[in-house]
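Report on one structure; see the data block that follows.
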Amino acid sequence: MKKQSETKNQNKEPLGSLPAGIKGGSYLNLGLYAFAGLGMEAVYAFLLEPVLYGTAMENWNAGQTIAHWLLTCATWGIIAFALIKSARERYGFDLLEKRKPLRLWQWGLSLLFVLLAFWQSYHSWGGFKVYLEYAGKGPLLFAFQYLYYAFETMLFLLIIIFGQKACEVWFCKEGFPYGGIICGLTWGLGHILTKDFATGIMGAALGFAFGCVFLLVNRDLKKAYLVLFFMFVL
């Protein structure tokens, strides 16, 4: 019984062992920084680049669109690196620590989440999203857009991770996808402000599903990133 208990709790940082002075708000702040990082794209797209290019985003040519994506990806990459480094060095929270392997049922449920996301996307787009985007944009724009998606996935995953950690410190209870709720609220709000209400609601629902997946894969950042990326782009 003791051995099973130790196995079950391995790779989990006990809530009571937090370094002195660190509270849930410290982790929530990191999550909000990740959300603010996502918001930098809006600053570029609606304030800075229209002035630089002399035209609104919907009128950009391929080169201007690619430049926007590259600038956004560079910004998001720097922010993600800084947040992961800060969590480790300031709070002793190592997002890259090795986690226990997934069981077969966990892989199965992860695949189910991907398939459900694909089903929703297929009906929403009226076909296979990846193919439609490739056909509509061509190979060059398609490649850079999916690079953009890759960096976006990392930022909203960090919102989930830090939101989850913050709520677990506050409530002293694990196993509920708090991070998914926070991701849904922030990411959904962002889409409402930059796109439309329906897209925002869908973003909120997807954010909650992402939070469930993060717990499903034993809080493993690499595995969570892989599953979430496929859920997001398919």
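Chain labels A, B, ... are given in the sequence in which chains occur in the structure tokens; within each chain residues are numbered consecutively from 1, and ligands are likewise numbered from 1 in the order shown.
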
Can you tell me, as a VMD selection string, what residues are no more than 9 Å from Phe232 of chain A when counting only C-alpha atoms, ignoring any on the same chain fewer than 4 positions away?
-> chain A and resid 114 117 to 118 121 149 153 206 227 to 228

What lies within 10 Å of segment 210-226 of chain A using only C-alpha atoms, ignoring chain neighbours under 6 positions off, as an MDAnalysis selection string?
-> chainID A and resid 11:12 95:103 105:107 109:110 113:114 150 153:154 156:161 163:164 174:184 204 232

Residue among A:Gly31, A:Gly127, A:Gly200, A:Gly138 lying closest to Ile79 of chain A, counting only C-alpha atoms =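 Of the candidates, the smallest distance to Ile79 of chain A is held by A:Gly31.
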
In Å, with one decimal, what is the gap from atom CA of Leu70 of chain A to atom CA of Ala82 of chain A?
->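 Distance reported for this atom pair: 18.3 Å.
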
Mind checking which residues fall within 12 Å of Leu189 of chain A, counting only C-alpha atoms, ignoring those fewer than 5 positions away in the same chain, and posting them as a ChimeraX atom specification?
-> /A:35,38-39,181-184,194-205,207

When distances are computed from only C-alpha atoms, which of A:Ala135, A:Leu83, A:Leu155, A:Ile78 shows the smallest separation from Tyr27 of chain A?
->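 Of all the options, A:Leu83 lies closest to Tyr27 of chain A.
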
Considering only C-alpha atoms, state which residue in the set A:Tyr146, A:Trp170, A:Trp60, A:Trp69 is at the smallest distance from Tyr44 of chain A.
->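 Closest to Tyr44 of chain A, using only C-alpha atoms: A:Trp69.
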
Would you mind writing down, as a ChimeraX atom specification, each residue of segment 75-168 of chain A that DSSP on the backbone assigns to alpha helix (DSSP H)?
-> /A:75-91,104-125,129-168

Within 10 Å of Ser26 of chain A using only C-alpha atoms, minus same-chain residues under 4 positions, as a PyMOL selection string | chain A and resi 21-22+30-31+87+90-91+162+165-166

Exercise: Leu141 of chain A partners within 12 Å, only C-alpha atoms, chain neighbours under 2 positions left out, as an MDAnalysis selection string = chainID A and resid 61:70 133:139 143:148

What is the distance between atom CA of Pro50 of chain A and atom CA of Ala34 of chain A, in Å to one decimal?
->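 Atom CA of Ala34 of chain A lies 24.2 Å from atom CA of Pro50 of chain A.
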